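Peer 1: Just my_file_2.cif, nothing more (mmCIF, C-alpha atoms and all ligand atoms):
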data_target
loop_
_atom_site.label_atom_id
_atom_site.label_comp_id
_atom_site.auth_asym_id
_atom_site.auth_seq_id
_atom_site.Cartn_x
_atom_site.Cartn_y
_atom_site.Cartn_z
CA MET G 1 0.24 2.19 -20.69
CA LYS G 2 2.61 -0.34 -19.14
CA ALA G 3 1.77 -2.43 -16.09
CA ILE G 4 3.20 -5.37 -14.17
CA VAL G 5 0.63 -8.14 -14.44
CA TYR G 6 0.40 -11.68 -12.99
CA GLN G 7 -2.05 -14.20 -14.41
CA LYS G 8 -1.00 -17.28 -12.43
CA TYR G 9 0.25 -17.83 -8.88
CA GLY G 10 3.93 -18.49 -8.33
CA GLN G 11 7.44 -17.13 -7.89
CA PRO G 12 8.43 -13.60 -9.04
CA GLU G 13 8.79 -14.88 -12.64
CA VAL G 14 4.99 -14.86 -12.97
CA LEU G 15 5.15 -11.03 -12.97
CA GLN G 16 5.14 -9.75 -16.54
CA LEU G 17 5.44 -6.32 -18.13
CA LYS G 18 2.35 -5.82 -20.34
CA ASP G 19 0.41 -3.14 -22.17
CA VAL G 20 -2.93 -2.46 -20.51
CA GLU G 21 -5.64 0.11 -21.11
CA LYS G 22 -4.97 3.54 -19.57
CA PRO G 23 -7.77 4.39 -17.11
CA THR G 24 -10.11 7.31 -17.74
CA ILE G 25 -11.43 9.53 -14.96
CA LYS G 26 -15.00 9.92 -13.79
CA ASP G 27 -16.28 13.33 -12.64
CA ASN G 28 -15.20 12.76 -9.03
CA GLU G 29 -11.81 11.17 -9.79
CA VAL G 30 -8.26 12.27 -10.48
CA LEU G 31 -5.78 10.66 -12.88
CA ILE G 32 -2.36 10.17 -11.30
CA ARG G 33 0.97 9.52 -13.01
CA VAL G 34 2.43 6.90 -10.68
CA TYR G 35 5.98 7.69 -9.60
CA ALA G 36 6.66 5.04 -6.93
CA THR G 37 5.01 1.97 -5.45
CA THR G 38 6.16 -0.84 -3.17
CA VAL G 39 6.58 -4.60 -2.98
CA THR G 40 5.16 -5.62 0.39
CA THR G 41 4.85 -8.94 2.18
CA ALA G 42 1.13 -8.81 1.39
CA ASP G 43 1.90 -8.39 -2.36
CA CYS G 44 4.22 -11.42 -2.27
CA MET G 45 1.59 -13.49 -0.47
CA MET G 46 -1.00 -12.54 -3.08
CA ARG G 47 1.43 -13.33 -5.90
CA ARG G 48 1.96 -16.82 -4.47
CA GLY G 49 -1.75 -17.30 -3.81
CA ASP G 50 -1.01 -17.57 -0.06
CA THR G 51 -3.01 -18.50 1.90
CA LEU G 52 -5.48 -20.97 0.43
CA LEU G 53 -8.17 -19.12 2.38
CA SER G 54 -7.29 -15.84 0.64
CA ARG G 55 -8.03 -17.50 -2.73
CA ILE G 56 -11.72 -17.22 -1.91
CA LEU G 57 -11.19 -13.53 -2.60
CA LEU G 58 -8.28 -13.65 -5.07
CA GLY G 59 -9.45 -16.58 -7.22
CA PHE G 60 -9.02 -20.33 -6.58
CA ILE G 61 -6.92 -21.55 -9.54
CA THR G 62 -5.67 -18.26 -11.02
CA PRO G 63 -5.96 -14.65 -9.80
CA ARG G 64 -9.21 -12.94 -10.81
CA LYS G 65 -8.84 -10.19 -13.44
CA LYS G 66 -9.41 -7.42 -10.85
CA TYR G 67 -6.42 -8.63 -8.75
CA GLN G 68 -3.97 -9.29 -11.61
CA ILE G 69 -2.10 -6.04 -10.99
CA LEU G 70 -0.57 -5.95 -7.51
CA GLY G 71 0.50 -2.99 -5.39
CA THR G 72 -1.43 -1.45 -2.51
CA GLU G 73 0.24 1.95 -2.10
CA PHE G 74 1.82 4.53 -4.39
CA SER G 75 2.85 8.14 -4.88
CA GLY G 76 2.67 10.34 -7.96
CA THR G 77 1.53 13.54 -9.61
CA ILE G 78 -2.04 14.40 -10.57
CA GLU G 79 -2.32 14.81 -14.33
CA ALA G 80 -6.05 15.46 -14.69
CA ALA G 81 -9.04 16.08 -12.45
CA GLY G 82 -12.74 15.33 -13.10
CA ASN G 83 -15.31 18.13 -13.37
CA LYS G 84 -16.54 17.71 -9.78
CA VAL G 85 -13.16 17.37 -8.05
CA LYS G 86 -12.56 20.10 -5.44
CA LYS G 87 -9.74 18.84 -3.21
CA PHE G 88 -6.98 18.28 -5.78
CA LYS G 89 -5.72 19.84 -9.00
CA PRO G 90 -3.33 18.87 -11.80
CA GLY G 91 0.28 19.16 -10.65
CA ASP G 92 -0.47 18.16 -7.02
CA GLU G 93 1.95 15.59 -5.64
CA ILE G 94 0.10 12.93 -3.69
CA TYR G 95 0.50 9.61 -1.93
CA ALA G 96 -2.31 7.10 -1.67
CA PHE G 97 -3.49 3.73 -0.41
CA ARG G 98 -5.50 1.21 -2.44
CA GLY G 99 -5.53 -1.65 0.08
CA PHE G 100 -7.26 -4.68 -1.38
CA GLY G 101 -8.16 -2.49 -4.36
CA THR G 102 -4.50 -3.11 -5.38
CA GLY G 103 -3.51 -2.21 -8.97
CA CYS G 104 -0.60 0.17 -8.26
CA TYR G 105 2.05 -1.49 -10.48
CA THR G 106 0.97 0.73 -13.38
CA GLU G 107 1.94 3.99 -15.02
CA TYR G 108 -1.42 5.65 -14.31
CA LYS G 109 -4.03 5.24 -11.62
CA CYS G 110 -7.44 6.81 -10.99
CA MET G 111 -8.52 7.67 -7.45
CA ASN G 112 -11.77 9.08 -6.11
CA GLU G 113 -10.95 12.47 -4.58
CA ASN G 114 -12.38 11.18 -1.28
CA GLY G 115 -10.28 8.02 -1.42
CA SER G 116 -7.34 7.30 0.89
CA MET G 117 -5.10 9.98 -0.62
CA ALA G 118 -3.29 13.09 0.63
CA LEU G 119 -0.82 15.70 -0.55
CA LYS G 120 2.72 14.39 -0.25
CA PRO G 121 4.69 16.21 2.45
CA ARG G 122 7.20 18.47 0.70
CA ASN G 123 10.12 17.13 2.72
CA MET G 124 9.55 13.54 1.57
CA THR G 125 10.63 12.07 -1.75
CA PHE G 126 8.10 10.15 -3.87
CA ILE G 127 9.83 6.91 -2.92
CA GLU G 128 9.69 7.66 0.81
CA ALA G 129 6.05 8.71 0.60
CA ALA G 130 4.92 5.60 -1.29
CA SER G 131 6.51 3.34 1.29
CA VAL G 132 4.98 4.80 4.46
CA VAL G 133 1.33 4.35 3.57
CA ASP G 134 0.54 0.69 4.30
CA GLY G 135 2.89 0.00 7.21
CA ALA G 136 2.32 3.29 9.01
CA SER G 137 -1.44 3.49 8.53
CA THR G 138 -1.91 -0.17 9.54
CA ALA G 139 0.17 0.33 12.69
CA LEU G 140 -1.64 3.56 13.56
CA PHE G 141 -5.09 2.05 12.93
CA PHE G 142 -4.55 -1.01 15.13
CA LEU G 143 -2.71 0.79 17.95
CA LYS G 144 -4.99 3.83 18.14
CA GLU G 145 -8.41 2.77 16.84
CA LYS G 146 -8.43 -0.88 17.91
CA ALA G 147 -6.13 -1.09 20.95
CA ASN G 148 -6.84 2.46 22.19
CA ILE G 149 -3.21 2.85 23.23
CA LYS G 150 -2.60 4.98 26.33
CA GLN G 151 0.40 6.71 27.87
CA GLY G 152 2.29 4.50 30.34
CA GLN G 153 1.12 1.18 28.90
CA ASN G 154 3.54 -1.63 28.16
CA VAL G 155 3.33 -2.63 24.50
CA LEU G 156 4.89 -5.70 22.86
CA ILE G 157 5.50 -5.37 19.12
CA ASN G 158 6.03 -8.82 17.61
CA GLY G 159 7.76 -8.40 14.24
CA ALA G 160 9.22 -5.02 15.24
CA SER G 161 11.69 -4.96 12.32
CA GLY G 162 9.08 -5.20 9.56
CA SER G 163 7.14 -2.63 7.58
CA ILE G 164 4.30 -2.44 10.12
CA GLY G 165 6.52 -3.17 13.12
CA THR G 166 9.03 -0.33 12.62
CA PHE G 167 6.15 2.15 12.51
CA ALA G 168 4.34 0.43 15.39
CA VAL G 169 7.41 0.89 17.62
CA GLN G 170 7.65 4.60 16.79
CA ILE G 171 3.91 5.26 17.06
CA ALA G 172 3.66 3.41 20.40
CA LYS G 173 6.59 5.47 21.72
CA TYR G 174 4.87 8.63 20.45
CA PHE G 175 1.78 7.76 22.50
CA GLY G 176 3.98 7.35 25.59
CA ALA G 177 4.08 3.56 25.86
CA THR G 178 7.01 1.49 27.06
CA VAL G 179 7.81 -0.63 24.03
CA THR G 180 9.37 -4.06 23.76
CA GLY G 181 10.21 -5.12 20.21
CA VAL G 182 10.69 -8.71 19.01
CA CYS G 183 12.78 -9.43 15.90
CA SER G 184 15.51 -11.72 14.61
CA THR G 185 19.10 -11.15 15.72
CA ASN G 186 20.14 -9.47 12.45
CA ASN G 187 17.64 -6.67 13.00
CA MET G 188 18.30 -5.98 16.67
CA GLU G 189 20.30 -2.82 15.99
CA LEU G 190 17.53 -1.36 13.79
CA VAL G 191 14.83 -2.13 16.37
N1 LIG N 201 -4.28 -4.18 7.27
C1 LIG N 201 -3.70 -5.30 7.64
O1 LIG N 201 -4.26 -6.08 8.39
C2 LIG N 201 -2.33 -5.61 7.11
C3 LIG N 201 -1.69 -4.70 6.29
C4 LIG N 201 -0.42 -5.01 5.82
C5 LIG N 201 0.18 -6.23 6.20
N2 LIG N 201 -0.50 -7.11 6.97
C6 LIG N 201 0.13 -8.38 7.40
O2 LIG N 201 0.94 -8.11 8.56
C7 LIG N 201 2.10 -8.95 8.55
C8 LIG N 201 3.37 -8.10 8.64
O3 LIG N 201 3.46 -7.30 7.47
P1 LIG N 201 4.75 -6.43 7.16
O4 LIG N 201 4.46 -5.73 5.88
O5 LIG N 201 5.16 -5.64 8.37
O6 LIG N 201 5.80 -7.61 6.90
P2 LIG N 201 7.39 -7.54 6.88
O7 LIG N 201 7.87 -6.17 6.56
O8 LIG N 201 7.85 -8.67 6.03
O9 LIG N 201 7.80 -7.86 8.39
C9 LIG N 201 7.64 -9.15 8.95
C10 LIG N 201 8.05 -9.11 10.43
O10 LIG N 201 7.77 -10.39 11.02
C11 LIG N 201 8.95 -10.89 11.62
N3 LIG N 201 8.95 -12.35 11.49
C12 LIG N 201 9.08 -13.07 10.34
N4 LIG N 201 9.00 -14.39 10.61
C13 LIG N 201 8.82 -14.50 11.95
C14 LIG N 201 8.68 -15.60 12.85
N5 LIG N 201 8.72 -16.83 12.40
N6 LIG N 201 8.49 -15.32 14.18
C15 LIG N 201 8.45 -14.05 14.63
N7 LIG N 201 8.58 -12.96 13.82
C16 LIG N 201 8.77 -13.19 12.50
C17 LIG N 201 10.10 -10.23 10.89
O11 LIG N 201 11.19 -10.16 11.74
P3 LIG N 201 12.72 -10.41 11.26
O12 LIG N 201 12.81 -10.01 9.80
O13 LIG N 201 13.55 -9.56 12.16
O14 LIG N 201 12.93 -11.87 11.43
C18 LIG N 201 9.53 -8.85 10.62
O15 LIG N 201 9.69 -8.02 11.74
C19 LIG N 201 2.02 -9.77 7.26
O16 LIG N 201 1.44 -11.01 7.59
C20 LIG N 201 1.09 -8.96 6.37
O17 LIG N 201 0.42 -9.76 5.43
C21 LIG N 201 -1.71 -6.81 7.46
#
Give the structure from the file, written as structure tokens.
Ligand SMILES: NC(=O)c1ccc[n+]([C@@H]2O[C@H](COP(=O)([O-])OP(=O)(O)OC[C@H]3O[C@@H](n4cnc5c(N)ncnc54)[C@H](OP(=O)(O)O)[C@@H]3O)[C@@H](O)[C@H]2O)c1

Peer 2:
Amino acid sequence: MKAIVYQKYGQPEVLQLKDVEKPTIKDNEVLIRVYATTVTTADCMMRRGDTLLSRILLGFITPRKKYQILGTEFSGTIEAAGNKVKKFKPGDEIYAFRGFGTGCYTEYKCMNENGSMALKPRNMTFIEAASVVDGASTALFFLKEKANIKQGQNVLINGASGSIGTFAVQIAKYFGATVTGVCSTNNMELV
């Protein structure tokens, strides 16, 4: 199968289209035909090897083999399911999050059925679904689980025009907060 691979840190030119081995499923996994994925700020930072501290994980001089395919979120259609899979079946349309597992810039991806994966809402396209996973789930996690957001609070979203920020504004409003968003002048109308 085809994949976008990077074997050295640098500008977008380090990304190369290559043939890589198609993954095979274990009993508790599904094989997904990837339809859409995203290029996030985090992907770009990893591609550049930013920050030096992150290279402890990614690899000091060149990216480690396990991080050479970027992409943290994707959507697609399940092609095959392992013998023990109960929650999903071939033909299901899903969207999923890999986080630091990365590896979404590929044609096929395996996911554990209990991984961060759900059926794609019918009223969303594959492209829309792939792009809500990281930003929305990060914003929701930090506002709800970490900050324990409450109705009537005043919330400042710094970077309100970004992937996480646009969701953070909407989620904070949903929980009944009074929201102030910070962004550059170009994005004021959006925010
Ligand atoms: N789980 C996690 O912890 C997690 C997950 C994903 C991402 N992240 C990190 O969270 C950060 C935001 O990610 P993202 O995907 O939302 O990025 P993004 O879409 O690129 O958004 C960046 C935001 O930061 C603002 N910004 C840029 N430079 C700024 C500056 N000098 N001063 C103030 N604001 C500035 C931008 O505003 P304007 O464009 O309007 O200037 C924009 O709102 C990144 O550092 C990313 O690596 C963390």

Peer 1: Which residues form the shell of 10 Å around ligand LIG 201 (chain N) when you count all atoms listed in the file, given as number ranges by chain?

Peer 2: G: 39-46, 50, 72, 99-100, 133-139, 141-142, 157-168, 181-188, 190-191

Peer 1: Which residue, G:Met1, G:Leu156, G:Met111, G:Leu143, has the smallest gap to G:Glu29 when you use all atoms listed in the file?

Peer 2: G:Met111

Peer 1: Have a look at atom CA of G:Ser54 and atom CA of G:Ala96 and let me know their distance in Å, one decimal.

Peer 2: 23.6 Å

Peer 1: Which one of G:Lys173, G:Arg98, G:Lys109, G:Arg122 sits closest to G:Thr24 if you count all atoms listed in the file?

Peer 2: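 Comparing G:Lys173, G:Arg98, G:Lys109, G:Arg122 against G:Thr24, the winner is G:Lys109.
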
Peer 1: G:Gln16: which residues within 9 Å, counting all atoms listed in the file, same-chain residues fewer than 2 positions away excluded, as a ChimeraX atom specification?

Peer 2: /G:3-7,13-14,18

Peer 1: Given the choices G:Lys26, G:Ile69, G:Ala118, G:Thr180, which gets closest to G:Arg47 if the distance is worked out from all atoms listed in the file?

Peer 2: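 Ranking G:Lys26, G:Ile69, G:Ala118, G:Thr180 by distance to G:Arg47, first place goes to G:Ile69.
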
Peer 1: Interatomic distance between atom CA of G:Leu17 and atom CA of G:Gly82?

Peer 2: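 Going from atom CA of G:Leu17 over to atom CA of G:Gly82 covers 28.7 Å.
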
Peer 1: Which of these residues is nearest to G:Ala147, using only C-alpha atoms: G:Gln68, G:Phe175, G:Leu119, G:Asp92?

Peer 2: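 The closest residue to G:Ala147 is G:Phe175.
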
Peer 1: Which distance in Å separates atom CA of G:Leu15 and atom CA of G:Leu31, to one decimal?

Peer 2: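 Taking atom CA of G:Leu15 and atom CA of G:Leu31, their separation equals 24.3 Å.
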
Peer 1: Using the partial input, fill out stretch 142-153 of chain G with N, CA, C and O atoms; write the result as an mmCIF file, in the frame of the given file.

Peer 2:
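The new file rebuild.cif reads:
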data_model
loop_
_atom_site.group_PDB
_atom_site.id
_atom_site.type_symbol
_atom_site.label_atom_id
_atom_site.label_comp_id
_atom_site.auth_asym_id
_atom_site.auth_seq_id
_atom_site.Cartn_x
_atom_site.Cartn_y
_atom_site.Cartn_z
ATOM 1 N N PHE G 142 -4.361 0.030 14.102
ATOM 2 C CA PHE G 142 -4.550 -1.010 15.130
ATOM 3 C C PHE G 142 -4.169 -0.509 16.519
ATOM 4 O O PHE G 142 -4.845 -0.827 17.500
ATOM 5 N N LEU G 143 -3.114 0.312 16.626
ATOM 6 C CA LEU G 143 -2.710 0.790 17.950
ATOM 7 C C LEU G 143 -3.711 1.806 18.509
ATOM 8 O O LEU G 143 -4.099 1.738 19.680
ATOM 9 N N LYS G 144 -4.144 2.734 17.651
ATOM 10 C CA LYS G 144 -4.990 3.830 18.140
ATOM 11 C C LYS G 144 -6.471 3.439 18.127
ATOM 12 O O LYS G 144 -7.138 3.518 19.163
ATOM 13 N N GLU G 145 -6.959 3.012 16.959
ATOM 14 C CA GLU G 145 -8.410 2.770 16.840
ATOM 15 C C GLU G 145 -8.834 1.467 17.503
ATOM 16 O O GLU G 145 -9.903 1.404 18.103
ATOM 17 N N LYS G 146 -8.030 0.430 17.370
ATOM 18 C CA LYS G 146 -8.430 -0.880 17.910
ATOM 19 C C LYS G 146 -7.961 -1.092 19.343
ATOM 20 O O LYS G 146 -8.714 -1.543 20.188
ATOM 21 N N ALA G 147 -6.676 -0.791 19.614
ATOM 22 C CA ALA G 147 -6.130 -1.090 20.950
ATOM 23 C C ALA G 147 -6.292 0.103 21.899
ATOM 24 O O ALA G 147 -6.085 -0.044 23.098
ATOM 25 N N ASN G 148 -6.650 1.274 21.359
ATOM 26 C CA ASN G 148 -6.840 2.460 22.190
ATOM 27 C C ASN G 148 -5.632 2.706 23.099
ATOM 28 O O ASN G 148 -5.762 2.852 24.319
ATOM 29 N N ILE G 149 -4.475 2.733 22.485
ATOM 30 C CA ILE G 149 -3.210 2.850 23.230
ATOM 31 C C ILE G 149 -3.183 4.084 24.130
ATOM 32 O O ILE G 149 -3.667 5.147 23.744
ATOM 33 N N LYS G 150 -2.631 3.886 25.343
ATOM 34 C CA LYS G 150 -2.600 4.980 26.330
ATOM 35 C C LYS G 150 -1.175 5.166 26.864
ATOM 36 O O LYS G 150 -0.405 4.201 26.945
ATOM 37 N N GLN G 151 -0.896 6.405 27.282
ATOM 38 C CA GLN G 151 0.400 6.710 27.870
ATOM 39 C C GLN G 151 0.656 5.801 29.072
ATOM 40 O O GLN G 151 -0.261 5.526 29.855
ATOM 41 N N GLY G 152 1.901 5.309 29.187
ATOM 42 C CA GLY G 152 2.290 4.500 30.340
ATOM 43 C C GLY G 152 2.033 3.012 30.172
ATOM 44 O O GLY G 152 2.450 2.218 31.014
ATOM 45 N N GLN G 153 1.352 2.618 29.105
ATOM 46 C CA GLN G 153 1.120 1.180 28.900
ATOM 47 C C GLN G 153 2.392 0.488 28.444
ATOM 48 O O GLN G 153 3.286 1.107 27.882
#
